[in-house]
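Single-structure report; data block below.
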Amino acid sequence: MYKTIYIPVDNSDHSNTAVDIGVHMAKAFGSKIVGSHVYAAKMHDKRFKQMEAGLPEEYHDEKELDRQRQIHDSLITRGLQIITDSYLDYVDKKCNEANLPIERRSLEGRNWKVLAEDINTNGYELVIMGALGVGAVKDSVIGSNTERVVRRVRNSDMLIIKNTQPMTTGKIVVAVDGSPYSFGGLMTGLQLGKALNMPVEAIAAFDPYFHYAAFHSISGVLNEEAGKVFRFKEQEKLHEEIIDSGLAKIYQSHLDISREIAQAEQTDVKTTLLDGKAFEKIIQYVRKDVPALLIVGRIGVHSDEDMDIGSNTENLLRSAPCNVLISNRKYVPPIDTQAEYTIAWTEEALRRMEKIPVFAR
């Protein structure tokens, strides 16, 4: 499934775990590992020039300043290259132990920018990054480089490592909302489950309570005349009797379709329907029984294609207690599979269908 697995490294705990998980997955899929590190020599050079005014007086002579600049530039550039090589040596060692092919990439520039450009240019199928880097502190949630790369990558799956434990046991949970990205994530989850021998569960969350909050808010500002124009009472009753129950049926159909997809892939999937604010209910669910991996689409069913990341995915990336795979893969289920669970037939229509030969239905 994944021909190349791209792993940016910085020798942090999360980065080293990303390497271990990448090697584990590469062995399962026969993938090539691409290890990379970005160093910022030019940034250090700029900083040095900004600090020149604070140097002792004997260094203020222009010739001496020029000499110090050359020394600093040489030491920093060479030093950062040595550090980069050392980081990549760790990836090399792990790949050699597993007899996996490896490519080393030593890059210079602004970390997140260079990484995003490298990923988008080369189209690696999977990117594995640590959620936090060497600059993490106690209250860190997601590293700035990781978040910026996630927002800019469009074609590669992004596996963000939040748990520094091996990803060899536990289950895979996939959040589905009917969007092509969520079903693409389901396909990825099913293939990962088979390759890594991990059970897969599909979950869907719908929010029947939002309309109650909205109508309560609206009722406080509408005067009697405006309420009549808006037909407030009729609208409220419509949502209570039809729309809220309809939402449950829609999201249950996503789970039913997920089960059909799994059967077509010759595997099984457990399904769970949740009610409430999507990201909140999913967070609560995975906190109660922490999976090895949570898979979500980069954007959801209500997002425009040019959106960088959906709000639910962003919240889950920050708050989930497990590794998170953000799917940039799209999959649209066959139309007959969708129709089976999304089209309602009247009794008269069903009676007429009975008169049609089975092979022609």
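By order in the structure tokens, chains are A, B, ...; within a chain, residues start at 1; ligands start at 1, following the order shown.
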
Contacts of segment 153-157 of chain A at 8 Å (only C-alpha atoms; same-chain gap of 2+ positions) as a VMD selection string: chain A and resid 116 119 to 120 123 to 127 149 to 151 159 325 to 329

Who sits within 12 Å of Val200 of chain A, only C-alpha atoms, same chain under 6 positions skipped, as an MDAnalysis selection string: chainID A and resid 169:175 185:194 258:259 262 267:272 291:295

Those same residues, written as a PDB file, in the first residue's frame with C-alpha atoms?
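Final output, part.pdb:
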```
ATOM      1  CA  THR A 169      -0.992  -3.999  19.753  1.00  0.00           C
ATOM      2  CA  GLY A 170      -4.420  -2.443  20.199  1.00  0.00           C
ATOM      3  CA  LYS A 171      -7.080  -1.506  17.673  1.00  0.00           C
ATOM      4  CA  ILE A 172      -7.527   0.969  14.840  1.00  0.00           C
ATOM      5  CA  VAL A 173     -10.477   3.373  15.097  1.00  0.00           C
ATOM      6  CA  VAL A 174     -11.695   5.165  11.964  1.00  0.00           C
ATOM      7  CA  ALA A 175     -14.052   8.160  12.150  1.00  0.00           C
ATOM      8  CA  GLY A 185      -9.331   6.664   5.741  1.00  0.00           C
ATOM      9  CA  LEU A 186     -11.494   3.581   6.240  1.00  0.00           C
ATOM     10  CA  MET A 187      -9.838   1.839   3.283  1.00  0.00           C
ATOM     11  CA  THR A 188      -6.437   2.698   4.754  1.00  0.00           C
ATOM     12  CA  GLY A 189      -7.515   1.441   8.172  1.00  0.00           C
ATOM     13  CA  LEU A 190      -8.737  -1.864   6.751  1.00  0.00           C
ATOM     14  CA  GLN A 191      -5.476  -2.417   4.868  1.00  0.00           C
ATOM     15  CA  LEU A 192      -3.405  -1.482   7.914  1.00  0.00           C
ATOM     16  CA  GLY A 193      -5.515  -3.783  10.057  1.00  0.00           C
ATOM     17  CA  LYS A 194      -4.869  -6.739   7.774  1.00  0.00           C
ATOM     18  CA  SER A 258     -18.437   0.914   6.094  1.00  0.00           C
ATOM     19  CA  ARG A 259     -19.435  -2.651   6.944  1.00  0.00           C
ATOM     20  CA  ALA A 262     -15.040  -4.149   4.839  1.00  0.00           C
ATOM     21  CA  THR A 267     -12.346  -8.378   6.434  1.00  0.00           C
ATOM     22  CA  ASP A 268     -14.548  -7.294   9.338  1.00  0.00           C
ATOM     23  CA  VAL A 269     -15.202  -3.981  11.039  1.00  0.00           C
ATOM     24  CA  LYS A 270     -17.025  -3.187  14.257  1.00  0.00           C
ATOM     25  CA  THR A 271     -19.309  -0.128  14.080  1.00  0.00           C
ATOM     26  CA  THR A 272     -20.375   2.347  16.771  1.00  0.00           C
ATOM     27  CA  PRO A 291      -6.694   2.671  20.507  1.00  0.00           C
ATOM     28  CA  ALA A 292      -3.298   2.288  18.872  1.00  0.00           C
ATOM     29  CA  LEU A 293      -4.402   4.563  16.046  1.00  0.00           C
ATOM     30  CA  LEU A 294      -7.215   6.991  15.221  1.00  0.00           C
ATOM     31  CA  ILE A 295      -7.798   7.672  11.519  1.00  0.00           C
TER      32      ILE A 295
END
```

Helix (DSSP H, G or I) call set, DSSP backbone run, segment 86-332 of chain A, as number ranges by chain: A: 86-97, 111-122, 144-152, 180-196, 210-219, 224-230, 232-264, 278-288, 311-319

Written selection (C-alpha atoms) as a tab-separated table (two decimals), in the first residue's frame:
```tsv
chain	number	residue	atom	x	y	z
A	86	SER	CA	24.03	11.81	13.10
A	87	TYR	CA	20.21	12.01	13.16
A	88	LEU	CA	19.99	10.18	9.83
A	89	ASP	CA	22.49	7.55	11.01
A	90	TYR	CA	19.84	6.41	13.51
A	91	VAL	CA	17.35	5.84	10.69
A	92	ASP	CA	20.08	4.11	8.68
A	93	LYS	CA	20.84	1.75	11.55
A	94	LYS	CA	17.19	0.79	12.10
A	95	CYS	CA	16.62	0.18	8.38
A	96	ASN	CA	19.79	-1.90	8.01
A	97	GLU	CA	18.75	-4.06	10.96
A	111	ASN	CA	11.97	23.47	8.75
A	112	TRP	CA	8.21	23.30	8.09
A	113	LYS	CA	8.45	25.05	4.74
A	114	VAL	CA	11.18	22.81	3.34
A	115	LEU	CA	9.47	19.66	4.64
A	116	ALA	CA	6.11	20.57	3.08
A	117	GLU	CA	7.78	21.40	-0.24
A	118	ASP	CA	9.75	18.14	-0.22
A	119	ILE	CA	6.65	16.07	0.61
A	120	ASN	CA	4.39	17.75	-1.96
A	121	THR	CA	7.05	17.66	-4.68
A	122	ASN	CA	7.93	13.98	-4.27
A	144	SER	CA	4.55	24.12	15.36
A	145	ASN	CA	6.48	22.39	12.57
A	146	THR	CA	4.19	19.37	12.64
A	147	GLU	CA	1.02	21.47	12.59
A	148	ARG	CA	2.28	23.65	9.74
A	149	VAL	CA	3.27	20.64	7.64
A	150	VAL	CA	-0.10	18.95	8.24
A	151	ARG	CA	-1.89	22.09	7.01
A	152	ARG	CA	0.14	22.22	3.79
A	180	PRO	CA	-14.60	10.68	0.41
A	181	TYR	CA	-11.71	11.45	2.78
A	182	SER	CA	-13.30	9.53	5.65
A	183	PHE	CA	-14.02	6.51	3.44
A	184	GLY	CA	-10.46	6.80	2.12
A	185	GLY	CA	-9.33	6.66	5.74
A	186	LEU	CA	-11.49	3.58	6.24
A	187	MET	CA	-9.84	1.84	3.28
A	188	THR	CA	-6.44	2.70	4.75
A	189	GLY	CA	-7.52	1.44	8.17
A	190	LEU	CA	-8.74	-1.86	6.75
A	191	GLN	CA	-5.48	-2.42	4.87
A	192	LEU	CA	-3.40	-1.48	7.91
A	193	GLY	CA	-5.51	-3.78	10.06
A	194	LYS	CA	-4.87	-6.74	7.77
A	195	ALA	CA	-1.15	-6.01	7.38
A	196	LEU	CA	-0.49	-5.36	11.08
A	210	PHE	CA	-27.22	21.63	18.13
A	211	HIS	CA	-30.64	22.61	16.81
A	212	TYR	CA	-32.07	22.77	20.33
A	213	ALA	CA	-29.32	25.18	21.36
A	214	ALA	CA	-29.80	27.19	18.17
A	215	PHE	CA	-33.57	27.47	18.59
A	216	HIS	CA	-33.17	28.42	22.25
A	217	SER	CA	-30.78	31.20	21.21
A	218	ILE	CA	-33.04	32.39	18.39
A	219	SER	CA	-36.13	32.44	20.62
A	224	GLU	CA	-43.65	37.84	17.84
A	225	GLU	CA	-43.97	39.16	14.28
A	226	ALA	CA	-40.54	37.87	13.24
A	227	GLY	CA	-41.37	34.50	14.81
A	228	LYS	CA	-44.46	34.25	12.60
A	229	VAL	CA	-42.48	35.10	9.45
A	230	PHE	CA	-39.82	32.54	10.36
A	232	PHE	CA	-40.50	29.40	14.46
A	233	LYS	CA	-42.77	26.84	16.12
A	234	GLU	CA	-43.20	24.84	12.89
A	235	GLN	CA	-39.45	24.88	12.26
A	236	GLU	CA	-38.73	23.69	15.78
A	237	LYS	CA	-41.25	20.85	15.49
A	238	LEU	CA	-39.83	19.86	12.09
A	239	HIS	CA	-36.35	19.50	13.57
A	240	GLU	CA	-37.60	17.55	16.58
A	241	GLU	CA	-39.73	15.09	14.61
A	242	ILE	CA	-37.88	14.68	11.32
A	243	ILE	CA	-34.42	16.19	11.03
A	244	ASP	CA	-32.89	14.91	14.28
A	245	SER	CA	-34.03	11.33	13.66
A	246	GLY	CA	-32.99	11.73	10.04
A	247	LEU	CA	-29.46	12.63	11.11
A	248	ALA	CA	-29.22	9.40	13.07
A	249	LYS	CA	-30.29	7.43	10.00
A	250	ILE	CA	-27.75	9.22	7.80
A	251	TYR	CA	-24.82	8.51	10.10
A	252	GLN	CA	-25.97	4.94	10.71
A	253	SER	CA	-25.97	4.51	6.93
A	254	HIS	CA	-22.31	5.61	6.85
A	255	LEU	CA	-21.54	2.80	9.28
A	256	ASP	CA	-23.60	0.29	7.28
A	257	ILE	CA	-21.69	1.29	4.15
A	258	SER	CA	-18.44	0.91	6.09
A	259	ARG	CA	-19.43	-2.65	6.94
A	260	GLU	CA	-20.15	-3.37	3.27
A	261	ILE	CA	-16.77	-1.95	2.27
A	262	ALA	CA	-15.04	-4.15	4.84
A	263	GLN	CA	-16.83	-7.25	3.55
A	264	ALA	CA	-15.77	-6.38	0.00
A	278	ALA	CA	-18.49	15.10	16.87
A	279	PHE	CA	-14.97	15.83	18.08
A	280	GLU	CA	-16.03	15.81	21.75
A	281	LYS	CA	-17.77	12.43	21.54
A	282	ILE	CA	-14.90	10.90	19.58
A	283	ILE	CA	-12.38	12.22	22.10
A	284	GLN	CA	-14.40	10.81	24.98
A	285	TYR	CA	-14.72	7.48	23.19
A	286	VAL	CA	-10.99	7.04	22.48
A	287	ARG	CA	-10.04	8.23	25.97
A	288	LYS	CA	-12.23	5.53	27.51
A	311	SER	CA	-12.25	21.64	12.57
A	312	ASN	CA	-13.02	18.18	13.97
A	313	THR	CA	-9.75	16.79	12.62
A	314	GLU	CA	-7.83	19.74	14.07
A	315	ASN	CA	-9.39	19.24	17.51
A	316	LEU	CA	-8.75	15.49	17.40
A	317	LEU	CA	-5.14	16.02	16.34
A	318	ARG	CA	-4.59	18.21	19.39
A	319	SER	CA	-6.57	16.28	21.98
```

Contacts of segment 15-17 of chain A at 9 Å (only C-alpha atoms; same-chain gap of 4+ positions) as a ChimeraX atom specification: /A:7-11,21-22,90-91,128-134,161,163-166

Shortest interatomic distance to Val332 of chain A - which of A:Gly178, A:His302, A:Met198, A:Gly276, counting only C-alpha atoms: A:Gly178

Given only C-alpha atoms as the counted atoms, nearest of A:Arg298, A:Lys162, A:Lys32, A:Lys27 to Tyr6 of chain A: A:Lys32

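Within segment 237-322 of chain A, DSSP run on the backbone puts these residues in strand (DSSP E): Lys270, Thr271, Thr272, Leu273, Leu274, Asp275, Leu293, Leu294, Ile295, Val296 and Gly297 of chain A.
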
For Ile33 of chain A: contacts at 7 Å, only C-alpha atoms, fewer than 4 positions along chain excluded, given as an MDAnalysis selection string: chainID A and resid 4:6 101:103

Please dump the current selection as a PDB file, in the first residue's frame; keep N, CA and C atoms.
```
ATOM      1  N   THR A   4       6.598   4.267  -0.373  1.00  0.00           N
ATOM      2  CA  THR A   4       7.609   5.066   0.325  1.00  0.00           C
ATOM      3  C   THR A   4       7.020   5.631   1.612  1.00  0.00           C
ATOM      4  N   ILE A   5       7.814   5.602   2.663  1.00  0.00           N
ATOM      5  CA  ILE A   5       7.434   6.169   3.957  1.00  0.00           C
ATOM      6  C   ILE A   5       8.467   7.229   4.316  1.00  0.00           C
ATOM      7  N   TYR A   6       8.003   8.449   4.472  1.00  0.00           N
ATOM      8  CA  TYR A   6       8.880   9.604   4.701  1.00  0.00           C
ATOM      9  C   TYR A   6       8.868   9.951   6.186  1.00  0.00           C
ATOM     10  N   PRO A 101      15.377  -0.816   2.384  1.00  0.00           N
ATOM     11  CA  PRO A 101      16.058   0.238   1.625  1.00  0.00           C
ATOM     12  C   PRO A 101      15.814   1.600   2.260  1.00  0.00           C
ATOM     13  N   ILE A 102      16.816   2.457   2.224  1.00  0.00           N
ATOM     14  CA  ILE A 102      16.690   3.788   2.837  1.00  0.00           C
ATOM     15  C   ILE A 102      17.293   4.849   1.941  1.00  0.00           C
ATOM     16  N   GLU A 103      16.677   6.003   1.945  1.00  0.00           N
ATOM     17  CA  GLU A 103      17.214   7.193   1.279  1.00  0.00           C
ATOM     18  C   GLU A 103      17.368   8.278   2.331  1.00  0.00           C
TER      19      GLU A 103
END
```
